[in-house]
Amino acid sequence: MQIIFIDYFCHMKKSAKVSVIVPCFNHAAFLTETIESVLKSTYPTIEVIIVDDGSEDESAEIGKSLANKYSNCQYLYQPNQGPAAARNNGIRHSSGEFILPLDADDLIAENYIEEAVKVLQTNKQVDVVYCKAEFFEGKTGEWKLPPFSLQFLARENMIFCSAIYRKSGWQATGGYDERMTWGWEDWEFWINLLKRGGDVYRLPFVGFYYRVRPNSRRKSTNSDAKKKTIDLINTKHKEFVKNMLKGPLRYQRSLSIYINSILSFFRFPLYKSLH
């Protein structure tokens, strides 16, 4: 009986492909290291899709070379449209049951994919699996993220973009919002995916490594991008935000529920002002 179970589990692992989607924009200096960190994975059934988002450096040459070198690696080119469009394009070309977005300068641990897939296959209620994370290069140490909750997700993102999820979830949501060329698109995607229900699971080990550079997207987001993101979330996910925060997401995000509660008490229009 034990042998039958092991054979079944091994077959299940092989049949569940994971598609790793790697948007690349002028990441020639890091692309090989990122792809090789994926290919060192202990999980056996992986495809890697590099999506060159109109790079102007040597990313094309390196991406094509990696695709020629590794049979489970593909290279796609698109005119520059931003990471949301690049992820969507890569996922459209993917054949995996599960998706792992990975920026072209970040790294993953060897066991991250394997442990995440175990959770997703064991519990069909889980839609997203991520892990603990660390910074490296320009900054080191743990990336301290708060525990997941829907209410907290309504005002702040606590899941980095490189979580693993079901492709069916991406299909159900329509994918990443390609209007968000300024960034923050992963936060909106998690809201869109998880507001429908479904669980989130964080693995209890460091499996993701975020490279900190002077022009890292996490450091380069500005107040205008923040305001555009909040406005889009309030419009696109109005009922979800209202249910979680008793009104709209405010530009002072951490104060949203308090401001909304006060305004509601005095019967002021909740959506009249976001300031």
# chains A, B, ... in the order shown; residues from 1 in each chain; ligands from 1
$ closest_atom_pairs --of "region 62-173 of chain A" --to "region 27-37 of chain A" --cutoff "8 Å" --atoms "only C-alpha atoms" --output "tab-separated table"
residue	atom	partner	partner_atom	distance
A:Ile62	CA	A:Ala28	CA	6.7
A:Gly63	CA	A:Leu31	CA	7.6
A:Leu66	CA	A:Thr32	CA	7.4
A:Ala104	CA	A:Leu31	CA	5.3
A:Asp105	CA	A:Phe30	CA	5.1
A:Asp106	CA	A:Thr34	CA	5.9
A:Leu107	CA	A:Thr34	CA	5.3
A:Ile108	CA	A:Ser37	CA	6.0
A:Ala109	CA	A:Ser37	CA	7.1
A:Glu110	CA	A:Ser37	CA	7.2
$ write_last_selection --atoms "C-alpha atoms" --output "compact mmCIF listing (two decimals), in the first residue's frame"
# COMPACT_ATOMS: atom_id res chain seq x y z
CA ILE A 62 21.47 36.38 -22.92
CA GLY A 63 17.80 35.34 -22.96
CA LEU A 66 19.62 30.56 -22.04
CA ALA A 104 14.82 39.06 -13.54
CA ASP A 105 17.15 40.21 -10.76
CA ASP A 106 15.71 38.17 -7.86
CA LEU A 107 16.44 34.63 -6.68
CA ILE A 108 14.58 31.69 -5.16
CA ALA A 109 15.68 28.85 -2.87
CA GLU A 110 16.01 25.34 -4.26
$ closest_residue --among "A:Ser94, A:Thr140, A:Thr45, A:Ser71" --to "Val212 (chain A)" --atoms "only C-alpha atoms"
A:Thr140
$ residues_around --residues "Glu61 (chain A)" --least-positions-apart "3" --cutoff "12 Å" --atoms "only C-alpha atoms" --output "PyMOL selection string"
chain A and resi 26-29+31-32+50+52+55-58+64-68+75-77
$ write_last_selection --atoms "N, CA and C atoms" --output "short mmCIF file (atom, residue, chain, number, x, y, z; two decimals), in the first residue's frame"
data_model
loop_
_atom_site.label_atom_id
_atom_site.label_comp_id
_atom_site.auth_asym_id
_atom_site.auth_seq_id
_atom_site.Cartn_x
_atom_site.Cartn_y
_atom_site.Cartn_z
N ASN A 26 16.16 45.35 -19.31
CA ASN A 26 17.54 45.78 -19.06
C ASN A 26 18.14 45.10 -17.82
N HIS A 27 17.93 43.78 -17.73
CA HIS A 27 18.46 43.01 -16.61
C HIS A 27 19.57 42.06 -17.05
N ALA A 28 20.29 42.42 -18.08
CA ALA A 28 21.32 41.53 -18.62
C ALA A 28 22.33 41.10 -17.55
N ALA A 29 22.64 42.00 -16.64
CA ALA A 29 23.66 41.70 -15.63
C ALA A 29 23.22 40.64 -14.62
N LEU A 31 20.26 38.33 -15.29
CA LEU A 31 19.32 37.36 -15.83
C LEU A 31 19.81 35.92 -15.68
N THR A 32 21.07 35.67 -15.99
CA THR A 32 21.59 34.30 -15.91
C THR A 32 21.53 33.78 -14.48
N ILE A 50 11.11 33.59 -20.23
CA ILE A 50 11.69 34.93 -20.14
C ILE A 50 10.93 35.84 -21.09
N ASP A 52 11.17 39.40 -22.55
CA ASP A 52 11.99 40.61 -22.72
C ASP A 52 11.06 41.77 -23.06
N SER A 55 13.98 45.41 -23.86
CA SER A 55 15.28 45.78 -23.28
C SER A 55 16.19 46.43 -24.32
N GLU A 56 17.06 47.31 -23.83
CA GLU A 56 18.01 48.00 -24.70
C GLU A 56 19.45 47.61 -24.40
N ASP A 57 19.64 46.65 -23.49
CA ASP A 57 20.99 46.16 -23.20
C ASP A 57 21.17 44.79 -23.86
N GLU A 58 21.97 43.92 -23.27
CA GLU A 58 22.25 42.61 -23.87
C GLU A 58 21.26 41.53 -23.40
N LYS A 64 18.14 34.59 -25.24
CA LYS A 64 18.16 33.60 -26.32
C LYS A 64 19.18 32.50 -26.04
N SER A 65 20.33 32.89 -25.48
CA SER A 65 21.36 31.91 -25.15
C SER A 65 20.86 30.92 -24.09
N LEU A 66 20.17 31.43 -23.08
CA LEU A 66 19.62 30.56 -22.04
C LEU A 66 18.56 29.62 -22.61
N ALA A 67 17.73 30.14 -23.53
CA ALA A 67 16.70 29.30 -24.14
C ALA A 67 17.33 28.21 -25.00
N ASN A 68 18.45 28.50 -25.66
CA ASN A 68 19.14 27.50 -26.46
C ASN A 68 19.84 26.46 -25.58
N TYR A 75 12.31 32.05 -24.62
CA TYR A 75 12.54 33.49 -24.68
C TYR A 75 11.48 34.13 -25.56
N LEU A 76 10.81 35.16 -25.03
CA LEU A 76 9.83 35.92 -25.79
C LEU A 76 10.24 37.39 -25.78
N TYR A 77 9.95 38.09 -26.86
CA TYR A 77 10.21 39.53 -26.92
C TYR A 77 8.91 40.27 -27.13
#
$ residues_around --residues "Ser261 (chain A)" --least-positions-apart "6" --cutoff "9 Å" --atoms "only C-alpha atoms" --output "VMD selection string"
chain A and resid 245 to 247
$ select_by_dssp --residues "region 71-121 of chain A" --states "strand (DSSP E)" --output "list in words"
Cys73, Gln74, Tyr75, Leu76, Tyr77, Gln78, Phe98, Ile99, Leu100, Pro101, Leu107 and Ile108 of chain A
$ write_last_selection --atoms "N, CA, C and O atoms" --output "short mmCIF file (atom, residue, chain, number, x, y, z; two decimals), in the first residue's frame"
data_model
loop_
_atom_site.label_atom_id
_atom_site.label_comp_id
_atom_site.auth_asym_id
_atom_site.auth_seq_id
_atom_site.Cartn_x
_atom_site.Cartn_y
_atom_site.Cartn_z
N CYS A 73 13.45 26.19 -21.12
CA CYS A 73 13.50 27.65 -21.03
C CYS A 73 13.12 28.25 -22.38
O CYS A 73 13.60 27.83 -23.43
N GLN A 74 12.21 29.24 -22.36
CA GLN A 74 11.78 29.93 -23.57
C GLN A 74 12.13 31.42 -23.47
O GLN A 74 12.18 31.98 -22.37
N TYR A 75 12.31 32.05 -24.62
CA TYR A 75 12.54 33.49 -24.68
C TYR A 75 11.48 34.13 -25.56
O TYR A 75 11.24 33.69 -26.69
N LEU A 76 10.81 35.16 -25.03
CA LEU A 76 9.83 35.92 -25.79
C LEU A 76 10.24 37.39 -25.78
O LEU A 76 10.80 37.88 -24.79
N TYR A 77 9.95 38.09 -26.86
CA TYR A 77 10.21 39.53 -26.92
C TYR A 77 8.91 40.27 -27.13
O TYR A 77 8.03 39.83 -27.88
N GLN A 78 8.77 41.43 -26.47
CA GLN A 78 7.65 42.33 -26.72
C GLN A 78 8.16 43.76 -26.63
O GLN A 78 9.12 44.05 -25.90
N PHE A 98 0.55 25.73 -12.35
CA PHE A 98 0.87 26.73 -11.34
C PHE A 98 1.80 27.78 -11.94
O PHE A 98 2.59 27.49 -12.84
N ILE A 99 1.70 29.00 -11.42
CA ILE A 99 2.48 30.14 -11.92
C ILE A 99 3.35 30.70 -10.81
O ILE A 99 2.89 30.90 -9.68
N LEU A 100 4.61 30.98 -11.15
CA LEU A 100 5.51 31.71 -10.26
C LEU A 100 6.10 32.88 -11.03
O LEU A 100 6.95 32.70 -11.90
N PRO A 101 5.65 34.12 -10.77
CA PRO A 101 6.30 35.29 -11.36
C PRO A 101 7.61 35.55 -10.62
O PRO A 101 7.66 35.47 -9.39
N LEU A 107 16.06 36.03 -6.77
CA LEU A 107 16.44 34.63 -6.68
C LEU A 107 15.45 33.86 -5.82
O LEU A 107 14.76 34.45 -4.99
N ILE A 108 15.40 32.54 -6.02
CA ILE A 108 14.58 31.69 -5.16
C ILE A 108 15.45 30.56 -4.59
O ILE A 108 16.48 30.21 -5.16
#
$ closest_atom_pairs --of "region 148-225 of chain A" --to "region 117-123 of chain A" --cutoff "12 Å" --atoms "only C-alpha atoms" --output "tab-separated table"
residue	atom	partner	partner_atom	distance
A:Ala163	CA	A:Val117	CA	11.2
A:Ile164	CA	A:Val117	CA	8.1
A:Tyr165	CA	A:Leu120	CA	8.0
A:Arg166	CA	A:Leu120	CA	8.2
A:Lys167	CA	A:Leu120	CA	11.8
A:Gly198	CA	A:Asn123	CA	10.3
A:Asp199	CA	A:Asn123	CA	9.2
A:Val200	CA	A:Leu120	CA	9.9
A:Tyr201	CA	A:Val119	CA	8.0
A:Arg202	CA	A:Val119	CA	9.8
A:Leu203	CA	A:Val119	CA	9.0
$ write_last_selection --atoms "N, CA, C and O atoms" --output "compact mmCIF listing (two decimals), in the first residue's frame"
# COMPACT_ATOMS: atom_id res chain seq x y z
N ALA A 163 4.97 35.02 -5.39
CA ALA A 163 4.22 33.95 -4.76
C ALA A 163 3.76 32.98 -5.85
O ALA A 163 3.74 33.32 -7.04
N ILE A 164 3.39 31.77 -5.46
CA ILE A 164 2.98 30.75 -6.41
C ILE A 164 1.47 30.55 -6.32
O ILE A 164 0.93 30.43 -5.22
N TYR A 165 0.82 30.53 -7.47
CA TYR A 165 -0.63 30.43 -7.49
C TYR A 165 -1.09 29.61 -8.70
O TYR A 165 -0.30 29.26 -9.58
N ARG A 166 -2.37 29.29 -8.70
CA ARG A 166 -2.93 28.47 -9.78
C ARG A 166 -3.17 29.33 -11.03
O ARG A 166 -3.68 30.45 -10.94
N LYS A 167 -2.84 28.77 -12.18
CA LYS A 167 -3.10 29.50 -13.42
C LYS A 167 -4.59 29.78 -13.59
O LYS A 167 -4.98 30.81 -14.15
N GLY A 198 -10.76 31.92 -0.78
CA GLY A 198 -9.53 31.17 -0.98
C GLY A 198 -8.52 31.53 0.09
O GLY A 198 -8.47 32.66 0.58
N ASP A 199 -7.69 30.57 0.44
CA ASP A 199 -6.74 30.75 1.53
C ASP A 199 -5.37 31.12 1.00
O ASP A 199 -5.04 30.91 -0.17
N VAL A 200 -4.57 31.65 1.91
CA VAL A 200 -3.18 32.01 1.63
C VAL A 200 -2.31 31.28 2.64
O VAL A 200 -2.65 31.22 3.83
N TYR A 201 -1.20 30.74 2.18
CA TYR A 201 -0.31 30.00 3.08
C TYR A 201 1.11 30.53 2.92
O TYR A 201 1.61 30.65 1.79
N ARG A 202 1.76 30.85 4.06
CA ARG A 202 3.16 31.26 4.01
C ARG A 202 4.04 30.14 4.54
O ARG A 202 3.88 29.70 5.69
N LEU A 203 4.96 29.68 3.73
CA LEU A 203 5.90 28.64 4.13
C LEU A 203 6.83 29.18 5.22
O LEU A 203 7.21 30.36 5.19
$ atom_distance --atom1 "CA of Ala60 (chain A)" --atom2 "CA of Arg213 (chain A)"
21.4 Å
$ closest_residue --among "A:Gly207, A:Pro79, A:Gly169, A:Pro214" --to "Asn192 (chain A)" --atoms "only C-alpha atoms"
A:Gly169
$ select_by_dssp --residues "region 32-65 of chain A" --states "helix (DSSP H, G or I)" --output "PyMOL selection string"
chain A and resi 32-39+59-65
$ atom_distance --atom1 "CA of Phe265 (chain A)" --atom2 "CA of Ile233 (chain A)"
23.9 Å
$ closest_residue --among "A:Tyr210, A:Glu188, A:Leu145, A:Ala85" --to "Thr235 (chain A)" --atoms "only C-alpha atoms"
A:Glu188
$ closest_residue --among "A:Phe152, A:Phe240, A:Phe25, A:Tyr209" --to "Lys139 (chain A)" --atoms "only C-alpha atoms"
A:Tyr209
$ residues_around --residues "Gln252 (chain A)" --least-positions-apart "3" --cutoff "12 Å" --atoms "only C-alpha atoms" --output "list of chain:residue names"
A:Arg155, A:Glu156, A:Ser223, A:Lys226, A:Lys227, A:Ile230, A:Pro248, A:Leu249, A:Leu255, A:Ser256, A:Ile257, A:Tyr258, A:Ile259, A:Asn260, A:Leu274, A:His275
$ write_last_selection --atoms "C-alpha atoms" --output "short mmCIF file (atom, residue, chain, number, x, y, z; two decimals), in the first residue's frame"
data_model
loop_
_atom_site.label_atom_id
_atom_site.label_comp_id
_atom_site.auth_asym_id
_atom_site.auth_seq_id
_atom_site.Cartn_x
_atom_site.Cartn_y
_atom_site.Cartn_z
CA ARG A 155 -4.79 48.87 2.62
CA GLU A 156 -1.32 47.41 2.09
CA SER A 223 3.70 59.48 -4.31
CA LYS A 226 0.77 55.57 -4.90
CA LYS A 227 -2.19 57.90 -5.50
CA ILE A 230 -5.25 53.91 -4.56
CA PRO A 248 -12.60 53.86 0.56
CA LEU A 249 -8.88 53.40 0.85
CA LEU A 255 -5.76 55.60 8.83
CA SER A 256 -8.42 54.50 6.36
CA ILE A 257 -10.65 52.52 8.69
CA TYR A 258 -10.50 55.20 11.40
CA ILE A 259 -11.29 58.05 9.02
CA ASN A 260 -14.13 56.08 7.45
CA LEU A 274 -9.98 60.55 -0.45
CA HIS A 275 -7.82 63.04 1.46
#
$ residues_around --residues "Cys161 (chain A)" --least-positions-apart "2" --cutoff "10 Å" --atoms "only C-alpha atoms" --output "VMD selection string"
chain A and resid 100 to 103 130 157 to 159 163 to 164 184 to 187 189 to 190
$ decode --residues "region 27-43 of chain A" --atoms "all heavy atoms" --output "tab-separated table (two decimals), in the first residue's frame"
chain	number	residue	atom	x	y	z
A	27	HIS	N	17.93	43.78	-17.73
A	27	HIS	CA	18.46	43.01	-16.61
A	27	HIS	C	19.57	42.06	-17.05
A	27	HIS	O	19.76	40.99	-16.46
A	27	HIS	CB	17.34	42.20	-15.95
A	27	HIS	CG	16.38	43.01	-15.15
A	27	HIS	ND1	15.16	43.44	-15.65
A	27	HIS	CD2	16.45	43.49	-13.89
A	27	HIS	CE1	14.53	44.13	-14.72
A	27	HIS	NE2	15.28	44.18	-13.65
A	28	ALA	N	20.29	42.42	-18.08
A	28	ALA	CA	21.32	41.53	-18.62
A	28	ALA	C	22.33	41.10	-17.55
A	28	ALA	O	22.80	39.96	-17.56
A	28	ALA	CB	22.04	42.22	-19.78
A	29	ALA	N	22.64	42.00	-16.64
A	29	ALA	CA	23.66	41.70	-15.63
A	29	ALA	C	23.22	40.64	-14.62
A	29	ALA	O	24.06	40.04	-13.95
A	29	ALA	CB	24.05	42.98	-14.89
A	30	PHE	N	21.91	40.40	-14.53
A	30	PHE	CA	21.39	39.52	-13.48
A	30	PHE	C	20.62	38.31	-14.02
A	30	PHE	O	20.35	37.37	-13.26
A	30	PHE	CB	20.44	40.31	-12.56
A	30	PHE	CG	20.98	41.64	-12.13
A	30	PHE	CD1	20.46	42.82	-12.67
A	30	PHE	CD2	21.99	41.72	-11.19
A	30	PHE	CE1	20.96	44.05	-12.28
A	30	PHE	CE2	22.49	42.95	-10.80
A	30	PHE	CZ	21.98	44.12	-11.34
A	31	LEU	N	20.26	38.33	-15.29
A	31	LEU	CA	19.32	37.36	-15.83
A	31	LEU	C	19.81	35.92	-15.68
A	31	LEU	O	19.05	35.03	-15.27
A	31	LEU	CB	19.02	37.67	-17.30
A	31	LEU	CG	17.98	36.79	-17.99
A	31	LEU	CD1	16.65	36.85	-17.26
A	31	LEU	CD2	17.80	37.25	-19.45
A	32	THR	N	21.07	35.67	-15.99
A	32	THR	CA	21.59	34.30	-15.91
A	32	THR	C	21.53	33.78	-14.48
A	32	THR	O	21.10	32.64	-14.24
A	32	THR	CB	23.04	34.25	-16.42
A	32	THR	OG1	23.06	34.63	-17.80
A	32	THR	CG2	23.61	32.84	-16.28
A	33	GLU	N	21.91	34.59	-13.51
A	33	GLU	CA	21.88	34.16	-12.11
A	33	GLU	C	20.45	33.84	-11.67
A	33	GLU	O	20.21	32.85	-10.97
A	33	GLU	CB	22.47	35.26	-11.21
A	33	GLU	CG	22.56	34.86	-9.75
A	33	GLU	CD	23.11	35.98	-8.88
A	33	GLU	OE1	23.24	37.13	-9.37
A	33	GLU	OE2	23.40	35.70	-7.69
A	34	THR	N	19.50	34.66	-12.09
A	34	THR	CA	18.10	34.42	-11.74
A	34	THR	C	17.59	33.11	-12.33
A	34	THR	O	16.98	32.29	-11.64
A	34	THR	CB	17.23	35.60	-12.23
A	34	THR	OG1	17.59	36.77	-11.50
A	34	THR	CG2	15.75	35.31	-12.01
A	35	ILE	N	17.83	32.90	-13.62
A	35	ILE	CA	17.34	31.69	-14.28
A	35	ILE	C	18.00	30.45	-13.68
A	35	ILE	O	17.33	29.43	-13.45
A	35	ILE	CB	17.60	31.75	-15.80
A	35	ILE	CG1	16.85	32.94	-16.42
A	35	ILE	CG2	17.17	30.44	-16.46
A	35	ILE	CD1	15.38	32.99	-16.14
A	36	GLU	N	19.28	30.53	-13.41
A	36	GLU	CA	19.96	29.35	-12.84
A	36	GLU	C	19.49	29.04	-11.43
A	36	GLU	O	19.48	27.88	-11.02
A	36	GLU	CB	21.46	29.55	-12.90
A	36	GLU	CG	21.99	29.50	-14.34
A	36	GLU	CD	23.49	29.62	-14.45
A	36	GLU	OE1	24.14	30.00	-13.43
A	36	GLU	OE2	24.02	29.33	-15.54
A	37	SER	N	19.05	30.07	-10.68
A	37	SER	CA	18.49	29.78	-9.36
A	37	SER	C	17.19	28.99	-9.48
A	37	SER	O	16.90	28.14	-8.64
A	37	SER	CB	18.25	31.09	-8.57
A	37	SER	OG	17.02	31.70	-8.89
A	38	VAL	N	16.42	29.25	-10.54
A	38	VAL	CA	15.19	28.49	-10.78
A	38	VAL	C	15.51	27.06	-11.20
A	38	VAL	O	14.91	26.09	-10.72
A	38	VAL	CB	14.33	29.17	-11.85
A	38	VAL	CG1	13.11	28.32	-12.18
A	38	VAL	CG2	13.90	30.56	-11.40
A	39	LEU	N	16.49	26.91	-12.08
A	39	LEU	CA	16.82	25.59	-12.63
A	39	LEU	C	17.50	24.69	-11.61
A	39	LEU	O	17.60	23.48	-11.84
A	39	LEU	CB	17.69	25.76	-13.88
A	39	LEU	CG	16.99	26.48	-15.04
A	39	LEU	CD1	17.95	26.69	-16.20
A	39	LEU	CD2	15.76	25.72	-15.50
A	40	LYS	N	17.94	25.24	-10.50
A	40	LYS	CA	18.49	24.44	-9.41
A	40	LYS	C	17.39	23.88	-8.50
A	40	LYS	O	17.67	23.17	-7.54
A	40	LYS	CB	19.45	25.27	-8.56
A	40	LYS	CG	20.75	25.64	-9.27
A	40	LYS	CD	21.60	26.55	-8.39
A	40	LYS	CE	22.88	26.98	-9.10
A	40	LYS	NZ	23.66	27.95	-8.26
A	41	SER	N	16.16	24.21	-8.83
A	41	SER	CA	15.04	23.80	-7.99
A	41	SER	C	14.97	22.28	-7.84
A	41	SER	O	15.26	21.53	-8.78
A	41	SER	CB	13.73	24.32	-8.59
A	41	SER	OG	12.62	23.85	-7.87
A	42	THR	N	14.54	21.84	-6.66
A	42	THR	CA	14.35	20.41	-6.41
A	42	THR	C	13.07	19.89	-7.05
A	42	THR	O	12.87	18.68	-7.10
A	42	THR	CB	14.31	20.14	-4.89
A	42	THR	OG1	13.26	20.92	-4.29
A	42	THR	CG2	15.64	20.48	-4.24
A	43	TYR	N	12.22	20.79	-7.50
A	43	TYR	CA	10.98	20.36	-8.17
A	43	TYR	C	11.30	20.05	-9.63
A	43	TYR	O	11.90	20.87	-10.33
A	43	TYR	CB	9.92	21.45	-8.07
A	43	TYR	CG	8.56	20.99	-8.50
A	43	TYR	CD1	7.79	20.18	-7.69
A	43	TYR	CD2	8.04	21.36	-9.74
A	43	TYR	CE1	6.53	19.74	-8.08
A	43	TYR	CE2	6.79	20.94	-10.15
A	43	TYR	CZ	6.04	20.12	-9.32
A	43	TYR	OH	4.81	19.68	-9.73
